[in-house]
>>> print(open('coords.cif').read())   # mmCIF, C-alpha atoms
data_structure
#
loop_
_atom_site.label_atom_id
_atom_site.label_comp_id
_atom_site.auth_asym_id
_atom_site.auth_seq_id
_atom_site.Cartn_x
_atom_site.Cartn_y
_atom_site.Cartn_z
CA MET A 1193 -61.16 54.85 -3.23
CA MET A 1194 -60.44 51.49 -4.81
CA LEU A 1195 -60.27 53.08 -8.25
CA VAL A 1196 -57.47 55.43 -7.19
CA VAL A 1197 -55.65 52.53 -5.51
CA GLY A 1198 -55.97 50.50 -8.69
CA ILE A 1199 -54.64 53.29 -10.90
CA VAL A 1200 -51.66 53.97 -8.64
CA ALA A 1201 -50.80 50.27 -8.18
CA THR A 1202 -51.09 49.55 -11.90
CA ALA A 1203 -48.91 52.55 -12.74
CA LEU A 1204 -46.21 51.38 -10.29
CA LEU A 1205 -46.30 47.85 -11.68
CA ALA A 1206 -46.16 49.12 -15.27
CA VAL A 1207 -43.12 51.29 -14.60
CA GLY A 1208 -41.41 48.35 -12.85
CA ALA A 1209 -42.12 46.11 -15.84
CA LEU A 1210 -40.78 48.79 -18.17
CA PHE A 1211 -37.54 48.91 -16.16
CA ALA A 1212 -37.31 45.13 -16.42
CA VAL A 1213 -37.64 45.38 -20.20
CA VAL A 1214 -34.88 48.01 -20.25
CA ARG A 1215 -32.57 45.65 -18.35
CA MET A 1216 -33.54 42.80 -20.66
CA GLU A 1217 -32.44 44.86 -23.63
CA ARG A 1218 -29.23 46.12 -22.00
CA GLY A 1219 -28.21 43.17 -19.84
CA PRO A 1220 -24.69 42.11 -20.71
CA SER A 1221 -25.27 38.40 -20.19
CA MET A 1222 -28.03 35.86 -20.55
CA LEU A 1223 -28.34 35.60 -16.75
CA ASP A 1224 -29.11 39.31 -16.37
CA ARG A 1225 -31.82 38.89 -18.96
CA SER A 1226 -33.29 35.91 -17.14
CA VAL A 1227 -33.34 37.91 -13.90
CA ALA A 1228 -35.11 40.75 -15.69
CA PHE A 1229 -37.57 38.27 -17.15
CA ASP A 1230 -38.33 37.11 -13.62
CA VAL A 1231 -39.15 40.69 -12.64
CA LEU A 1232 -41.34 41.07 -15.71
CA THR A 1233 -43.27 37.87 -14.93
CA THR A 1234 -43.85 38.95 -11.35
CA ALA A 1235 -45.06 42.36 -12.50
CA LEU A 1236 -47.53 40.56 -14.77
CA VAL A 1237 -48.71 38.40 -11.86
CA GLY A 1238 -49.09 41.55 -9.75
CA ALA A 1239 -51.11 43.30 -12.46
CA ILE A 1240 -53.49 40.34 -12.73
CA ALA A 1241 -53.78 40.27 -8.93
CA VAL A 1242 -54.65 43.98 -8.85
CA GLU A 1243 -57.28 43.44 -11.54
CA ALA A 1244 -58.81 40.54 -9.59
CA ALA A 1245 -58.82 42.62 -6.41
CA LEU A 1246 -60.51 45.58 -8.07
CA SER A 1247 -63.24 43.73 -9.93
CA ARG A 1248 -63.72 41.06 -7.20
CA ARG A 1249 -63.74 38.40 -9.90
CA THR A 1250 -62.16 35.03 -9.17
CA GLU A 1251 -61.66 33.68 -12.69
CA SER A 1252 -58.16 35.07 -13.07
CA ILE A 1253 -56.77 33.51 -9.87
CA PRO A 1254 -55.65 30.22 -11.57
CA ILE A 1255 -53.62 32.31 -14.02
CA LEU A 1256 -51.51 33.44 -11.06
CA VAL A 1257 -50.65 29.83 -10.19
CA VAL A 1258 -49.65 29.01 -13.76
CA LEU A 1259 -47.62 32.19 -14.26
CA SER A 1260 -45.59 31.83 -11.07
CA MET A 1261 -44.77 28.24 -12.05
CA VAL A 1262 -43.72 29.16 -15.60
CA GLY A 1263 -41.50 32.01 -14.39
CA PHE A 1264 -39.60 29.67 -12.07
CA ILE A 1265 -39.06 27.05 -14.79
CA GLY A 1266 -37.80 29.70 -17.22
CA SER A 1267 -35.15 31.21 -14.98
CA VAL A 1268 -33.93 27.81 -13.71
CA THR A 1269 -33.61 26.48 -17.27
CA VAL A 1270 -31.60 29.50 -18.42
CA ALA A 1271 -29.34 29.24 -15.36
CA ARG A 1272 -28.82 25.52 -15.87
CA PHE A 1273 -27.68 25.90 -19.46
CA ALA A 1274 -25.66 29.08 -18.98
CA ALA A 1275 -22.36 28.57 -20.76
CA ALA A 1276 -19.13 30.46 -20.89
CA GLU A 1277 -19.70 33.19 -23.41
CA PRO A 1278 -17.62 34.77 -26.18
CA PRO A 1279 -14.88 37.16 -25.06
CA LYS A 1280 -16.79 40.35 -25.75
CA GLU A 1281 -19.36 39.35 -23.13
CA ARG A 1282 -16.88 38.29 -20.46
CA ARG A 1283 -14.66 40.09 -18.00
CA PRO A 1284 -11.40 41.15 -19.66
CA ASP A 1285 -9.22 39.40 -17.06
CA ASP A 1286 -11.00 36.05 -17.34
CA THR A 1287 -8.57 33.59 -18.86
CA ARG A 1288 -10.52 30.37 -18.46
CA PRO A 1289 -11.28 28.71 -21.77
CA THR A 1290 -14.63 29.12 -23.41
CA SER A 1291 -16.94 26.19 -23.79
CA THR A 1292 -15.62 25.14 -27.16
CA GLY A 1293 -11.97 25.55 -26.28
CA GLY A 1294 -11.10 28.52 -28.44
CA PRO A 1295 -11.53 32.18 -27.50
CA THR A 1296 -13.63 32.84 -30.57
CA GLY A 1297 -15.82 29.74 -30.47
CA PRO A 1298 -19.59 29.97 -30.78
CA ASP A 1299 -21.46 30.12 -27.51
CA THR A 1300 -23.02 26.69 -27.64
CA PRO A 1301 -24.29 25.37 -24.29
CA ASP A 1302 -21.68 23.23 -22.60
CA LEU A 1303 -23.38 20.24 -21.05
CA GLN A 1304 -20.18 19.01 -19.40
CA GLU A 1305 -19.99 22.12 -17.22
CA GLY A 1306 -23.19 21.59 -15.22
CA PRO A 1307 -23.51 22.51 -11.56
CA MET B 256 -66.11 45.47 8.65
CA SER B 257 -66.07 45.63 4.88
CA LEU B 258 -64.66 49.14 5.05
CA VAL B 259 -61.84 48.01 7.35
CA THR B 260 -60.86 45.04 5.18
CA ASP B 261 -61.09 47.17 2.05
CA ALA B 262 -58.76 49.75 3.58
CA ALA B 263 -56.33 47.00 4.64
CA ALA B 264 -56.50 45.52 1.13
CA ALA B 265 -55.80 48.93 -0.39
CA VAL B 266 -52.76 49.42 1.85
CA CYS B 267 -51.49 45.92 0.99
CA LEU B 268 -51.99 46.45 -2.74
CA LEU B 269 -50.22 49.81 -2.72
CA LEU B 270 -47.28 48.52 -0.67
CA GLY B 271 -46.98 45.42 -2.83
CA ALA B 272 -47.02 47.46 -6.03
CA PHE B 273 -44.40 49.76 -4.54
CA PHE B 274 -42.11 46.83 -3.72
CA SER B 275 -42.54 45.43 -7.24
CA PHE B 276 -41.68 48.88 -8.58
CA SER B 277 -38.57 48.99 -6.38
CA ALA B 278 -37.56 45.60 -7.78
CA GLY B 279 -37.79 47.10 -11.27
CA VAL B 280 -35.70 50.09 -10.22
CA GLY B 281 -33.11 47.82 -8.63
CA VAL B 282 -32.84 45.59 -11.67
CA VAL B 283 -32.05 48.64 -13.81
CA ARG B 284 -29.84 50.57 -11.40
CA PHE B 285 -27.68 47.88 -9.76
CA ASP B 286 -24.45 47.26 -11.59
CA ASN B 287 -23.60 43.60 -11.00
CA LEU B 288 -25.34 40.28 -11.28
CA PHE B 289 -25.50 39.44 -7.58
CA ALA B 290 -27.18 42.74 -6.69
CA ARG B 291 -29.78 42.10 -9.37
CA VAL B 292 -30.34 38.59 -8.09
CA HIS B 293 -30.79 40.04 -4.60
CA VAL B 294 -33.47 42.41 -5.84
CA VAL B 295 -35.36 39.56 -7.47
CA ALA B 296 -35.07 37.29 -4.46
CA LYS B 297 -36.08 39.64 -1.64
CA PRO B 298 -38.11 42.84 -2.31
CA GLN B 299 -39.89 41.22 -5.21
CA VAL B 300 -41.15 38.29 -3.11
CA LEU B 301 -42.27 40.65 -0.34
CA GLY B 302 -44.20 42.73 -2.87
CA MET B 303 -45.80 39.63 -4.35
CA LEU B 304 -46.87 38.39 -0.90
CA LEU B 305 -48.38 41.80 -0.07
CA LEU B 306 -50.27 41.87 -3.37
CA LEU B 307 -51.62 38.37 -2.74
CA THR B 308 -52.66 39.40 0.78
CA GLY B 309 -54.49 42.37 -0.67
CA VAL B 310 -56.34 40.17 -3.16
CA ALA B 311 -57.24 37.66 -0.42
CA LEU B 312 -58.60 40.45 1.84
CA ARG B 313 -60.63 41.82 -1.02
CA LEU B 314 -62.07 38.54 -2.34
CA GLN B 315 -62.65 36.59 0.91
CA ASP B 316 -63.69 33.54 -1.02
CA ARG B 317 -62.56 30.18 0.25
CA SER B 318 -61.40 28.57 -3.00
CA SER B 319 -59.59 31.69 -4.25
CA VAL B 320 -57.84 32.20 -0.93
CA THR B 321 -56.68 28.58 -1.04
CA MET B 322 -55.22 29.16 -4.49
CA LEU B 323 -53.58 32.41 -3.39
CA VAL B 324 -51.96 30.64 -0.43
CA LEU B 325 -50.73 28.04 -2.91
CA VAL B 326 -49.16 30.77 -5.06
CA ALA B 327 -47.52 32.32 -1.97
CA ILE B 328 -46.07 29.00 -0.79
CA PHE B 329 -44.86 28.21 -4.29
CA GLN B 330 -43.20 31.61 -4.59
CA LEU B 331 -41.47 31.21 -1.22
CA MET B 332 -40.22 27.76 -2.24
CA THR B 333 -39.02 28.52 -5.75
CA SER B 334 -37.59 32.03 -5.48
CA PRO B 335 -34.53 31.07 -3.35
CA VAL B 336 -33.85 28.11 -5.65
CA ALA B 337 -33.99 30.25 -8.78
CA ALA B 338 -31.80 32.95 -7.19
CA HIS B 339 -29.25 30.37 -6.06
CA MET B 340 -29.10 28.75 -9.49
CA VAL B 341 -28.67 32.08 -11.29
CA GLY B 342 -25.99 33.16 -8.81
CA SER B 343 -24.02 29.94 -9.03
CA ALA B 344 -24.27 29.94 -12.83
CA GLY B 345 -22.94 33.52 -12.81
CA LEU B 346 -20.03 32.49 -10.63
CA ARG B 347 -19.33 29.45 -12.76
CA THR B 348 -19.28 31.29 -16.07
CA GLY B 349 -17.27 34.25 -14.78
CA LYS B 350 -19.83 37.06 -14.59
CA VAL B 351 -18.68 38.29 -11.17
CA GLU B 352 -15.67 40.44 -10.37
CA PRO B 353 -13.35 38.55 -8.00
CA GLU B 354 -12.47 41.67 -5.99
CA PHE B 355 -16.17 42.21 -5.36
CA LEU B 356 -16.36 38.98 -3.36
CA GLU B 357 -15.17 38.79 0.23
CA MET B 358 -15.23 35.00 0.03
CA ASP B 359 -15.32 32.81 -3.04
CA ASP B 360 -17.04 29.59 -2.03
CA GLY B 361 -18.23 28.65 -5.48
CA GLY B 362 -16.93 25.14 -6.06
CA ARG B 363 -16.07 25.43 -9.72
#
>>> encode(input="coords.cif", output="structure tokens")
Amino acid sequence: MMLVVGIVATALLAVGALFAVVRMERGPSMLDRSVAFDVLTTALVGAIAVEAALSRRTESIPILVVLSMVGFIGSVTVARFAAAEPPKERRPDDTRPTSTGGPTGPDTPDLQEGP
Amino acid sequence: MSLVTDAAAAVCLLLGAFFSFSAGVGVVRFDNLFARVHVVAKPQVLGMLLLLTGVALRLQDRSSVTMLVLVAIFQLMTSPVAAHMVGSAGLRTGKVEPEFLEMDDGGR
């Protein structure tokens, strides 16, 4: 019984991770990609959890702690340094200036615009 | 007893994997940033907690269950913070349609 459960759960997690990769490739902005990366990390944590549950081995449990921590730090860092982006990645009606003042400036992170 | 806990663990693992799968579907299908943030903040955390419950029911080992509880508490503490930061950064850098919002409380 546990083998069937493991196969089904791993298949669901793999398809979810694949969808996250699709959004990471498509995502119009950096924030969408960071959200998709969060989903991917959690799918990885879930896959390791399923493996630990199936084999009843406890060595992989510390990996779960580390992975959940790293995923949080990644998405918070990307959100903290999210800058106004070049015009092709913004809404067409957004008239606020980009981070470097000009509409065609490079998308360097703007440290003055923090939360 | 072992059969009962194994069945409960199987149900928890399947439900948790299903919720993680639904988070993947939501992140692809939803069309704006806030909806995607919602899918990461809510169904994903529920799926993670169910998966961790399944592992804890299956292992029943004191040190591993302690670590799993630690992961669950950490997830519950950090996921709202990460979702809030991504959402406010999206509002600040103009990733959200204004007509989509009923109220705009983002202090820019």
>>> closest_residue(input="coords.cif", among="B:Leu301, B:Met358, B:Val282, B:Val324", to="chain A", atoms="all atoms listed in the file")
B:Val282
>>> atom_distance(input="coords.cif", atom1="CA of Phe276 in chain B", atom2="CA of Pro1220 in chain A")
21.9 Å
>>> closest_residue(input="coords.cif", among="B:Leu356, B:Ala338, B:Ala327, B:Ala272", to="chain A", atoms="all atoms listed in the file")
B:Ala272
>>> resolve_selection(input="coords.cif", expression="the PyMOL selection byres ((chain B) within 8 of (chain A))", output="ChimeraX atom specification")
/B:265,268-269,272-273,275-280,282-283,288,291-292,295,299,303,306-307,309-311,313-314,319,322-323,325-326,329-330,333-334,337,340-341,343-345,348-350,352
>>> atom_distance(input="coords.cif", atom1="CA of Leu1236 in chain A", atom2="CA of Ile1255 in chain A")
10.3 Å
>>> decode(input="coords.cif", residues="range 286-299 of chain B", atoms="C-alpha atoms", output="mmCIF file, in the first residue's frame")
data_model
loop_
_atom_site.group_PDB
_atom_site.id
_atom_site.type_symbol
_atom_site.label_atom_id
_atom_site.label_comp_id
_atom_site.auth_asym_id
_atom_site.auth_seq_id
_atom_site.Cartn_x
_atom_site.Cartn_y
_atom_site.Cartn_z
ATOM 1 C CA ASP B 286 -2.932 35.628 -14.041
ATOM 2 C CA ASN B 287 -1.707 38.230 -11.551
ATOM 3 C CA LEU B 288 0.929 38.477 -8.890
ATOM 4 C CA PHE B 289 -1.362 38.625 -5.865
ATOM 5 C CA ALA B 290 -3.210 35.448 -6.845
ATOM 6 C CA ARG B 291 0.112 33.658 -7.198
ATOM 7 C CA VAL B 292 1.246 34.955 -3.827
ATOM 8 C CA HIS B 293 -2.019 33.673 -2.349
ATOM 9 C CA VAL B 294 -1.383 30.205 -3.737
ATOM 10 C CA VAL B 295 2.082 30.132 -2.208
ATOM 11 C CA ALA B 296 0.916 31.441 1.141
ATOM 12 C CA LYS B 297 -2.123 29.241 1.799
ATOM 13 C CA PRO B 298 -2.602 25.881 -0.007
ATOM 14 C CA GLN B 299 1.117 25.312 -0.156
#
